[in-house]
$ cat structure-v3.json   # JSON, C-alpha atoms
[["chain", "number", "residue", "atom", "x", "y", "z"],
["A", 1, "MET", "CA", 170.63, 39.43, -75.32],
["A", 2, "GLN", "CA", 167.93, 38.25, -72.93],
["A", 3, "PRO", "CA", 164.49, 37.81, -74.55],
["A", 4, "LEU", "CA", 161.81, 40.19, -73.33],
["A", 5, "VAL", "CA", 159.26, 38.81, -70.86],
["A", 6, "SER", "CA", 155.88, 40.54, -70.54],
["A", 7, "ILE", "CA", 154.22, 40.30, -67.13],
["A", 8, "ILE", "CA", 150.54, 41.18, -67.50],
["A", 9, "VAL", "CA", 148.78, 42.34, -64.34],
["A", 10, "PRO", "CA", 144.99, 42.81, -64.42],
["A", 11, "CYS", "CA", 143.80, 44.83, -61.45],
["A", 12, "TYR", "CA", 140.29, 45.35, -60.16],
["A", 13, "ASN", "CA", 139.98, 46.94, -56.70],
["A", 14, "GLN", "CA", 143.25, 45.40, -55.54],
["A", 15, "ALA", "CA", 145.02, 48.55, -54.38],
["A", 16, "PRO", "CA", 145.81, 47.13, -50.90],
["A", 17, "TYR", "CA", 147.77, 44.25, -52.46],
["A", 18, "LEU", "CA", 149.18, 45.77, -55.64],
["A", 19, "ASP", "CA", 152.39, 47.04, -54.04],
["A", 20, "GLU", "CA", 153.38, 43.52, -52.98],
["A", 21, "ALA", "CA", 152.64, 42.09, -56.41],
["A", 22, "LEU", "CA", 154.66, 44.74, -58.24],
["A", 23, "GLN", "CA", 157.50, 44.59, -55.72],
["A", 24, "SER", "CA", 157.85, 40.88, -56.52],
["A", 25, "VAL", "CA", 158.19, 41.86, -60.19],
["A", 26, "LEU", "CA", 160.83, 44.47, -59.44],
["A", 27, "ASP", "CA", 162.75, 41.94, -57.34],
["A", 28, "GLN", "CA", 163.21, 39.51, -60.24],
["A", 29, "GLU", "CA", 166.70, 38.17, -60.88],
["A", 30, "TYR", "CA", 165.83, 38.37, -64.57],
["A", 31, "SER", "CA", 166.11, 41.95, -65.78],
["A", 32, "ASN", "CA", 164.65, 42.14, -69.31],
["A", 33, "TRP", "CA", 160.95, 42.40, -68.52],
["A", 34, "GLU", "CA", 158.06, 44.76, -68.97],
["A", 35, "CYS", "CA", 155.07, 44.85, -66.65],
["A", 36, "ILE", "CA", 151.71, 45.76, -68.19],
["A", 37, "ILE", "CA", 149.33, 46.91, -65.44],
["A", 38, "VAL", "CA", 145.71, 47.23, -66.56],
["A", 39, "ASN", "CA", 143.18, 48.85, -64.26],
["A", 40, "ASP", "CA", 139.84, 47.18, -65.03],
["A", 41, "GLY", "CA", 137.64, 50.09, -63.93],
["A", 42, "SER", "CA", 138.56, 49.91, -60.24],
["A", 43, "ALA", "CA", 136.63, 52.02, -57.75],
["A", 44, "ASP", "CA", 139.54, 52.19, -55.29],
["A", 45, "ASN", "CA", 142.92, 53.93, -55.59],
["A", 46, "SER", "CA", 144.51, 51.25, -57.81],
["A", 47, "GLU", "CA", 145.46, 53.91, -60.35],
["A", 48, "GLU", "CA", 147.34, 55.95, -57.75],
["A", 49, "VAL", "CA", 149.28, 52.88, -56.63],
["A", 50, "ALA", "CA", 150.08, 51.78, -60.19],
["A", 51, "LEU", "CA", 151.28, 55.22, -61.30],
["A", 52, "LYS", "CA", 153.68, 55.30, -58.38],
["A", 53, "TRP", "CA", 155.39, 52.23, -59.81],
["A", 54, "VAL", "CA", 155.43, 53.69, -63.33],
["A", 55, "GLU", "CA", 157.34, 56.67, -61.93],
["A", 56, "LYS", "CA", 159.67, 54.37, -60.03],
["A", 57, "ASN", "CA", 160.71, 52.23, -63.02],
["A", 58, "LYS", "CA", 160.08, 52.72, -66.74],
["A", 59, "ARG", "CA", 159.55, 48.96, -67.24],
["A", 60, "PHE", "CA", 156.14, 49.36, -65.58],
["A", 61, "LYS", "CA", 153.39, 50.51, -67.98],
["A", 62, "TYR", "CA", 149.91, 51.52, -66.91],
["A", 63, "PHE", "CA", 146.57, 51.39, -68.76],
["A", 64, "TYR", "CA", 142.99, 52.05, -67.74],
["A", 65, "LYS", "CA", 139.86, 50.52, -69.26],
["A", 66, "GLU", "CA", 136.19, 50.22, -68.39],
["A", 67, "ASN", "CA", 135.33, 47.19, -66.30],
["A", 68, "SER", "CA", 134.83, 44.07, -68.41],
["A", 69, "GLY", "CA", 136.25, 41.19, -66.37],
["A", 70, "VAL", "CA", 139.60, 39.47, -65.98],
["A", 71, "SER", "CA", 139.57, 37.64, -69.34],
["A", 72, "ALA", "CA", 138.98, 40.80, -71.36],
["A", 73, "THR", "CA", 141.55, 42.63, -69.24],
["A", 74, "ARG", "CA", 144.22, 40.00, -69.83],
["A", 75, "ASN", "CA", 143.49, 40.14, -73.57],
["A", 76, "PHE", "CA", 143.84, 43.91, -73.47],
["A", 77, "ALA", "CA", 147.14, 43.62, -71.60],
["A", 78, "PHE", "CA", 148.46, 41.04, -74.05],
["A", 79, "ASN", "CA", 147.74, 43.39, -76.95],
["A", 80, "GLN", "CA", 149.84, 46.09, -75.25],
["A", 81, "SER", "CA", 152.74, 43.72, -74.63],
["A", 82, "GLU", "CA", 155.77, 42.91, -76.78],
["A", 83, "GLY", "CA", 157.48, 40.05, -74.96],
["A", 84, "LYS", "CA", 158.56, 36.73, -76.42],
["A", 85, "TYR", "CA", 157.22, 35.10, -73.24],
["A", 86, "ILE", "CA", 154.09, 36.01, -71.28],
["A", 87, "LEU", "CA", 153.49, 35.70, -67.54],
["A", 88, "PRO", "CA", 150.03, 36.56, -66.17],
["A", 89, "LEU", "CA", 150.10, 37.77, -62.56],
["A", 90, "ASP", "CA", 146.99, 38.72, -60.60],
["A", 91, "GLY", "CA", 147.23, 42.02, -58.74],
["A", 92, "ASP", "CA", 146.98, 40.36, -55.33],
["A", 93, "ASP", "CA", 149.53, 37.56, -55.85],
["A", 94, "LYS", "CA", 153.35, 37.43, -55.92],
["A", 95, "ILE", "CA", 156.12, 35.50, -57.66],
["A", 96, "SER", "CA", 159.51, 34.32, -56.43],
["A", 97, "GLN", "CA", 162.69, 36.13, -57.42],
["A", 98, "SER", "CA", 163.96, 33.28, -59.60],
["A", 99, "TYR", "CA", 160.72, 32.29, -61.36],
["A", 100, "ILE", "CA", 161.28, 34.13, -64.64],
["A", 101, "SER", "CA", 164.99, 33.35, -64.93],
["A", 102, "GLU", "CA", 164.41, 29.64, -64.36],
["A", 103, "ALA", "CA", 161.53, 29.49, -66.82],
["A", 104, "VAL", "CA", 163.27, 31.47, -69.57],
["A", 105, "ASP", "CA", 166.32, 29.21, -69.29],
["A", 106, "ILE", "CA", 164.14, 26.18, -70.05],
["A", 107, "PHE", "CA", 162.26, 27.93, -72.87],
["A", 108, "GLU", "CA", 165.49, 29.00, -74.55],
["A", 109, "LYS", "CA", 167.04, 25.53, -74.34],
["A", 110, "ASP", "CA", 163.99, 23.70, -75.69],
["A", 111, "ALA", "CA", 161.88, 25.32, -78.39],
["A", 112, "ASP", "CA", 159.25, 22.61, -78.04],
["A", 113, "VAL", "CA", 158.27, 23.74, -74.53],
["A", 114, "LYS", "CA", 155.12, 25.88, -74.76],
["A", 115, "ILE", "CA", 153.99, 26.33, -71.13],
["A", 116, "ILE", "CA", 155.84, 26.30, -67.81],
["A", 117, "TYR", "CA", 154.11, 26.15, -64.42],
["A", 118, "CYS", "CA", 155.16, 25.67, -60.82],
["A", 119, "ASN", "CA", 154.16, 24.82, -57.27],
["A", 120, "THR", "CA", 152.27, 27.29, -55.08],
["A", 121, "ILE", "CA", 152.56, 28.80, -51.62],
["A", 122, "PHE", "CA", 149.30, 30.04, -50.09],
["A", 123, "PHE", "CA", 149.37, 33.15, -47.92],
["A", 124, "GLY", "CA", 146.85, 35.55, -46.42],
["A", 125, "VAL", "CA", 143.99, 34.19, -44.31],
["A", 126, "LYS", "CA", 145.21, 30.67, -45.09],
["A", 127, "GLU", "CA", 148.81, 29.51, -45.32],
["A", 128, "GLY", "CA", 150.30, 26.36, -46.77],
["A", 129, "LYS", "CA", 151.96, 24.77, -49.75],
["A", 130, "HIS", "CA", 150.44, 23.11, -52.79],
["A", 131, "ILE", "CA", 152.41, 20.77, -55.03],
["A", 132, "SER", "CA", 150.84, 20.91, -58.47],
["A", 133, "PRO", "CA", 150.17, 17.55, -60.14],
["A", 134, "GLU", "CA", 152.43, 16.53, -63.00],
["A", 135, "TYR", "CA", 151.02, 17.52, -66.36],
["A", 136, "LYS", "CA", 149.26, 14.87, -68.40],
["A", 137, "PHE", "CA", 147.30, 15.94, -71.44],
["A", 138, "GLU", "CA", 144.42, 13.52, -70.88],
["A", 139, "ASN", "CA", 143.94, 14.78, -67.32],
["A", 140, "MET", "CA", 143.35, 18.34, -68.51],
["A", 141, "PHE", "CA", 139.79, 17.37, -69.45],
["A", 142, "LEU", "CA", 139.04, 16.50, -65.83],
["A", 143, "LYS", "CA", 140.99, 18.99, -63.75],
["A", 144, "ASN", "CA", 143.40, 21.87, -64.33],
["A", 145, "PRO", "CA", 146.85, 21.44, -62.71],
["A", 146, "ILE", "CA", 148.37, 24.48, -64.43],
["A", 147, "THR", "CA", 148.45, 27.56, -62.21],
["A", 148, "ASN", "CA", 146.97, 30.88, -63.30],
["A", 149, "SER", "CA", 150.45, 32.47, -63.23],
["A", 150, "SER", "CA", 152.18, 30.13, -65.66],
["A", 151, "MET", "CA", 154.51, 31.32, -68.40],
["A", 152, "PHE", "CA", 153.86, 30.63, -72.08],
["A", 153, "ARG", "CA", 155.30, 31.51, -75.45],
["A", 154, "ARG", "CA", 153.72, 34.48, -77.16],
["A", 155, "ASP", "CA", 153.21, 32.55, -80.38],
["A", 156, "VAL", "CA", 150.83, 30.05, -78.76],
["A", 157, "PHE", "CA", 148.36, 32.75, -77.70],
["A", 158, "PRO", "CA", 145.09, 31.76, -79.43],
["A", 159, "PRO", "CA", 143.30, 34.18, -81.79],
["A", 160, "SER", "CA", 140.40, 34.44, -79.33],
["A", 161, "GLY", "CA", 142.76, 34.93, -76.38],
["A", 162, "TYR", "CA", 141.10, 34.29, -73.04],
["A", 163, "ASN", "CA", 137.46, 33.39, -73.65],
["A", 164, "GLU", "CA", 135.44, 36.33, -72.37],
["A", 165, "ASN", "CA", 132.40, 34.12, -71.77],
["A", 166, "MET", "CA", 134.35, 32.75, -68.76],
["A", 167, "ARG", "CA", 134.14, 36.06, -66.91],
["A", 168, "ASP", "CA", 133.08, 34.56, -63.57],
["A", 169, "GLY", "CA", 135.81, 31.92, -63.23],
["A", 170, "LEU", "CA", 137.65, 28.91, -64.70],
["A", 171, "GLU", "CA", 139.12, 31.23, -67.34],
["A", 172, "ASP", "CA", 142.62, 29.81, -66.76],
["A", 173, "TRP", "CA", 141.54, 26.21, -67.30],
["A", 174, "ASP", "CA", 139.64, 27.29, -70.40],
["A", 175, "PHE", "CA", 142.69, 29.21, -71.67],
["A", 176, "TRP", "CA", 145.07, 26.26, -71.32],
["A", 177, "LEU", "CA", 142.58, 24.02, -73.15],
["A", 178, "SER", "CA", 142.65, 26.56, -75.98],
["A", 179, "ILE", "CA", 146.44, 26.19, -76.27],
["A", 180, "ILE", "CA", 147.20, 22.53, -75.75],
["A", 181, "ASP", "CA", 146.73, 19.36, -77.74],
["A", 182, "ASP", "CA", 148.18, 15.88, -77.32],
["A", 183, "LYS", "CA", 151.55, 17.01, -78.69],
["A", 184, "THR", "CA", 152.03, 20.16, -76.58],
["A", 185, "LYS", "CA", 155.07, 20.07, -74.31],
["A", 186, "VAL", "CA", 154.37, 21.44, -70.85],
["A", 187, "VAL", "CA", 156.99, 21.61, -68.07],
["A", 188, "LYS", "CA", 156.41, 21.80, -64.34],
["A", 189, "LEU", "CA", 159.10, 23.41, -62.19],
["A", 190, "ASN", "CA", 159.78, 21.66, -58.89],
["A", 191, "ASP", "CA", 160.16, 24.87, -56.87],
["A", 192, "PHE", "CA", 157.47, 27.03, -55.29],
["A", 193, "HIS", "CA", 157.39, 30.16, -57.46],
["A", 194, "LEU", "CA", 153.80, 31.40, -57.13],
["A", 195, "TYR", "CA", 152.50, 33.02, -53.94],
["A", 196, "TYR", "CA", 148.72, 32.84, -54.11],
["A", 197, "ARG", "CA", 146.80, 35.10, -51.74],
["A", 198, "ILE", "CA", 143.82, 33.61, -49.92],
["A", 199, "LYS", "CA", 141.23, 36.22, -48.89],
["A", 200, "GLU", "CA", 138.05, 35.87, -46.87],
["A", 201, "ILE", "CA", 136.10, 37.26, -49.81],
["A", 202, "SER", "CA", 137.40, 36.82, -53.34],
["A", 203, "ARG", "CA", 136.08, 36.08, -56.80],
["A", 204, "SER", "CA", 136.49, 32.34, -56.25],
["A", 205, "THR", "CA", 134.65, 32.35, -52.91],
["A", 206, "LEU", "CA", 131.72, 34.14, -54.56],
["A", 207, "VAL", "CA", 131.23, 31.37, -57.13],
["A", 208, "ASP", "CA", 128.24, 29.41, -55.82],
["A", 209, "ARG", "CA", 127.18, 25.92, -56.86],
["A", 210, "GLU", "CA", 124.74, 27.04, -59.53],
["A", 211, "LYS", "CA", 127.24, 29.44, -61.05],
["A", 212, "ASN", "CA", 129.91, 26.73, -61.00],
["A", 213, "GLU", "CA", 127.59, 24.41, -62.93],
["A", 214, "LYS", "CA", 127.14, 27.08, -65.59],
["A", 215, "LEU", "CA", 130.89, 27.66, -65.81],
["A", 216, "LEU", "CA", 131.57, 23.95, -66.27],
["A", 217, "ILE", "CA", 128.96, 23.71, -68.99],
["A", 218, "GLN", "CA", 130.43, 26.75, -70.74],
["A", 219, "LEU", "CA", 133.90, 25.23, -70.48],
["A", 220, "PHE", "CA", 132.69, 22.16, -72.37],
["A", 221, "ARG", "CA", 130.82, 24.24, -74.90],
["A", 222, "ASN", "CA", 134.02, 26.14, -75.65],
["A", 223, "HIS", "CA", 136.00, 22.94, -76.22],
["A", 224, "GLN", "CA", 133.44, 20.36, -77.29],
["A", 225, "GLU", "CA", 135.34, 19.42, -80.46],
["A", 226, "LYS", "CA", 138.49, 18.72, -78.48],
["A", 227, "TYR", "CA", 136.57, 16.67, -75.91],
["A", 228, "LEU", "CA", 134.96, 14.56, -78.65],
["A", 229, "ARG", "CA", 138.29, 14.03, -80.37],
["A", 230, "TYR", "CA", 140.50, 13.13, -77.41],
["A", 231, "PHE", "CA", 138.50, 12.11, -74.38],
["A", 232, "ASN", "CA", 137.30, 8.64, -75.35],
["A", 233, "PRO", "CA", 135.46, 7.66, -72.12],
["A", 234, "LEU", "CA", 133.34, 10.77, -72.38],
["A", 235, "ARG", "CA", 132.73, 10.37, -76.10],
["A", 236, "ASP", "CA", 131.69, 6.72, -75.73],
["A", 237, "HIS", "CA", 129.17, 7.37, -72.96],
["A", 238, "ILE", "CA", 127.45, 10.48, -74.22],
["A", 239, "GLU", "CA", 124.84, 10.80, -76.94],
["A", 240, "ALA", "CA", 126.71, 12.62, -79.70],
["A", 241, "ASP", "CA", 123.68, 14.53, -80.92],
["A", 242, "GLN", "CA", 122.82, 15.70, -77.41],
["A", 243, "PHE", "CA", 126.43, 16.69, -76.80],
["A", 244, "LYS", "CA", 126.43, 18.90, -79.87],
["A", 245, "ARG", "CA", 123.15, 20.55, -78.83],
["A", 246, "GLU", "CA", 123.74, 21.11, -75.11],
["A", 247, "VAL", "CA", 127.34, 19.95, -74.62],
["A", 248, "ILE", "CA", 126.98, 17.03, -72.25],
["A", 249, "TRP", "CA", 124.58, 14.43, -70.96],
["A", 250, "LEU", "CA", 125.75, 11.80, -68.55],
["A", 251, "LYS", "CA", 123.60, 8.72, -68.09],
["A", 252, "GLU", "CA", 122.27, 8.60, -64.54],
["A", 253, "GLN", "CA", 122.15, 4.82, -64.11],
["A", 254, "PRO", "CA", 125.14, 3.47, -62.15],
["A", 255, "GLN", "CA", 126.06, 1.07, -64.96],
["A", 256, "TRP", "CA", 126.63, 4.03, -67.25],
["A", 257, "ARG", "CA", 129.11, 5.67, -64.94],
["A", 258, "ILE", "CA", 132.59, 5.79, -66.34],
["A", 259, "GLY", "CA", 134.16, 5.27, -62.94],
["A", 260, "SER", "CA", 134.47, 7.42, -59.85],
["A", 261, "ILE", "CA", 137.67, 9.15, -60.93],
["A", 262, "VAL", "CA", 136.38, 10.05, -64.37],
["A", 263, "TYR", "CA", 132.77, 10.70, -63.42],
["A", 264, "LYS", "CA", 133.16, 12.91, -60.37],
["A", 265, "PRO", "CA", 134.21, 16.14, -62.18],
["A", 266, "PHE", "CA", 131.10, 15.87, -64.36],
["A", 267, "GLU", "CA", 128.57, 15.33, -61.59],
["A", 268, "LEU", "CA", 127.60, 19.00, -61.55],
["A", 269, "ILE", "CA", 127.29, 19.08, -65.32],
["A", 270, "GLY", "CA", 125.01, 16.04, -65.30],
["A", 271, "LYS", "CA", 122.74, 17.63, -62.74],
["A", 272, "ALA", "CA", 122.66, 20.87, -64.66],
["A", 273, "TRP", "CA", 121.66, 18.99, -67.81],
["A", 274, "LYS", "CA", 118.93, 17.20, -65.84],
["A", 275, "LYS", "CA", 117.46, 20.58, -64.93],
["A", 276, "ILE", "CA", 117.52, 21.63, -68.58],
["A", 277, "VAL", "CA", 115.80, 18.43, -69.72],
["A", 278, "GLY", "CA", 113.24, 18.66, -66.89],
["A", 279, "LYS", "CA", 112.27, 22.17, -67.90],
["A", 280, "LYS", "CA", 111.83, 21.09, -71.52],
["A", 281, "LYS", "CA", 109.62, 18.15, -70.52],
["A", 282, "ARG", "CA", 107.35, 20.34, -68.40],
["A", 283, "ARG", "CA", 106.67, 22.69, -71.28]]
$ encode --input "structure-v3.json" --output "structure tokens"
Amino acid sequence: MQPLVSIIVPCYNQAPYLDEALQSVLDQEYSNWECIIVNDGSADNSEEVALKWVEKNKRFKYFYKENSGVSATRNFAFNQSEGKYILPLDGDDKISQSYISEAVDIFEKDADVKIIYCNTIFFGVKEGKHISPEYKFENMFLKNPITNSSMFRRDVFPPSGYNENMRDGLEDWDFWLSIIDDKTKVVKLNDFHLYYRIKEISRSTLVDREKNEKLLIQLFRNHQEKYLRYFNPLRDHIEADQFKREVIWLKEQPQWRIGSIVYKPFELIGKAWKKIVGKKKRR
């Protein structure tokens, strides 16, 4: 018998796009799935759209909750699910017909595989293709190559789930860091299975520079132990006591720079820390 796959769909004011997302679920070649739709306090007619799909097929299940952000909503959806494998899908995106069947086949053949991700097709106000980088554990500390709609085994879901302090973004990167270590087996599919909608105004476009700095700092706060343990260049060039107090402090002199490839992702964090130190000195 096919193992059950739970597709969790958080939805906040995405009624205009929800039909397309759920149609892509219904079109799956793989048949043993459940789709958990969670309305995160939408002010539009998301509930009306979702209930239409519940009536259409009993594999769709609908829940409503007060607005609390995408991380809390995904955690809520996970708790309602029963699948051996989990696939998050945002209410404005789509997946290919063969995504689940191809992923489940790999999971079932290799019990060591924990996460499976794929390449992406952009659609909406911008169109194009994105080939995701190959997974390397050490690179996860610098940039996240794993798409938001990647499948994972239920038993790797961390006790804290998605960190709800990442409400304004980067919650996927943070989530994968919660799951992986240097022994985790992650597989990238070569096909384009995720259709990611680009909108003129979205949550990502509303993340300004200052907010992004705060998100990056929070990301490191959430995983500081893992950064200290695995990411040697960072550990060797940061004051350990300062790291424990405020997460990160990069030396500003050029000779302290780890190198352009390593240093660039932390530029914003260094500047944010400078602001913190400057405020303390002025007091």
$ closest_residue --input "structure-v3.json" --among "A:Met1, A:Ile100, A:Val113, A:Ala72" --to "Ser24 of chain A" --atoms "only C-alpha atoms"
A:Ile100
$ residues_near_point --input "structure-v3.json" --point "(152.2, 38.0, -65.2)" --cutoff "6 Å" --atoms "all atoms listed in the file" --output "list in words"
Ile7, Ile8, Val9, Leu87, Pro88 and Leu89 of chain A
$ closest_atom_pairs --input "structure-v3.json" --of "segment 7-69 of chain A" --to "segment 165-184 of chain A" --cutoff "12 Å" --atoms "all atoms listed in the file" --output "tab-separated table"
residue	atom	partner	partner_atom	distance
A:Asn67	CA	A:Arg167	CA	11.2
A:Ser68	CA	A:Arg167	CA	8.2
A:Gly69	CA	A:Arg167	CA	5.6
$ closest_residue --input "structure-v3.json" --among "A:Met140, A:Thr73, A:Glu225, A:Val125" --to "Gly91 of chain A" --atoms "all atoms listed in the file"
A:Thr73
$ closest_residue --input "structure-v3.json" --among "A:Thr120, A:Ser42, A:Asn32, A:Asn222" --to "Glu82 of chain A" --atoms "only C-alpha atoms"
A:Asn32
$ atom_distance --input "structure-v3.json" --atom1 "atom CA of Glu134 of chain A" --atom2 "atom CA of Lys114 of chain A"
15.3 Å
$ residues_near_point --input "structure-v3.json" --point "(166.7, 30.8, -59.6)" --cutoff "10 Å" --atoms "all atoms listed in the file" --output "VMD selection string"
chain A and resid 28 to 30 96 to 103 105 191 193
$ residues_around --input "structure-v3.json" --residues "Leu18 of chain A" --least-positions-apart "2" --cutoff "9 Å" --atoms "all atoms listed in the file" --output "list in words"
Cys11, Gln14, Ala15, Pro16, Glu20, Ala21, Leu22, Gln23, Ser46, Val49, Ala50, Asp90, Gly91, Asp92 and Asp93 of chain A
$ write_last_selection --input "structure-v3.json" --atoms "C-alpha atoms" --output "PDB file, in the frame of the given file"
ATOM      1  CA  CYS A  11     143.800  44.830 -61.450  1.00  0.00           C
ATOM      2  CA  GLN A  14     143.250  45.400 -55.540  1.00  0.00           C
ATOM      3  CA  ALA A  15     145.020  48.550 -54.380  1.00  0.00           C
ATOM      4  CA  PRO A  16     145.810  47.130 -50.900  1.00  0.00           C
ATOM      5  CA  GLU A  20     153.380  43.520 -52.980  1.00  0.00           C
ATOM      6  CA  ALA A  21     152.640  42.090 -56.410  1.00  0.00           C
ATOM      7  CA  LEU A  22     154.660  44.740 -58.240  1.00  0.00           C
ATOM      8  CA  GLN A  23     157.500  44.590 -55.720  1.00  0.00           C
ATOM      9  CA  SER A  46     144.510  51.250 -57.810  1.00  0.00           C
ATOM     10  CA  VAL A  49     149.280  52.880 -56.630  1.00  0.00           C
ATOM     11  CA  ALA A  50     150.080  51.780 -60.190  1.00  0.00           C
ATOM     12  CA  ASP A  90     146.990  38.720 -60.600  1.00  0.00           C
ATOM     13  CA  GLY A  91     147.230  42.020 -58.740  1.00  0.00           C
ATOM     14  CA  ASP A  92     146.980  40.360 -55.330  1.00  0.00           C
ATOM     15  CA  ASP A  93     149.530  37.560 -55.850  1.00  0.00           C
TER      16      ASP A  93
END
$ closest_residue --input "structure-v3.json" --among "A:Lys52, A:Lys65, A:Lys129, A:Arg153" --to "Pro3 of chain A" --atoms "only C-alpha atoms"
A:Arg153
$ atom_distance --input "structure-v3.json" --atom1 "atom CA of Ile131 of chain A" --atom2 "atom CA of Tyr17 of chain A"
24.1 Å
$ closest_residue --input "structure-v3.json" --among "A:Ile146, A:Leu51, A:Leu228, A:Val38" --to "Tyr64 of chain A" --atoms "only C-alpha atoms"
A:Val38
$ atom_distance --input "structure-v3.json" --atom1 "atom CA of Thr147 of chain A" --atom2 "atom CA of Asp19 of chain A"
21.5 Å
$ residues_around --input "structure-v3.json" --residues "Gly161 of chain A" --least-positions-apart "2" --cutoff "6 Å" --atoms "all atoms listed in the file" --output "JSON, numbers by chain"
{"A": [75, 158, 159]}
$ closest_residue --input "structure-v3.json" --among "A:Asp112, A:Glu127, A:Glu200, A:Glu66" --to "Asp40 of chain A" --atoms "all atoms listed in the file"
A:Glu66
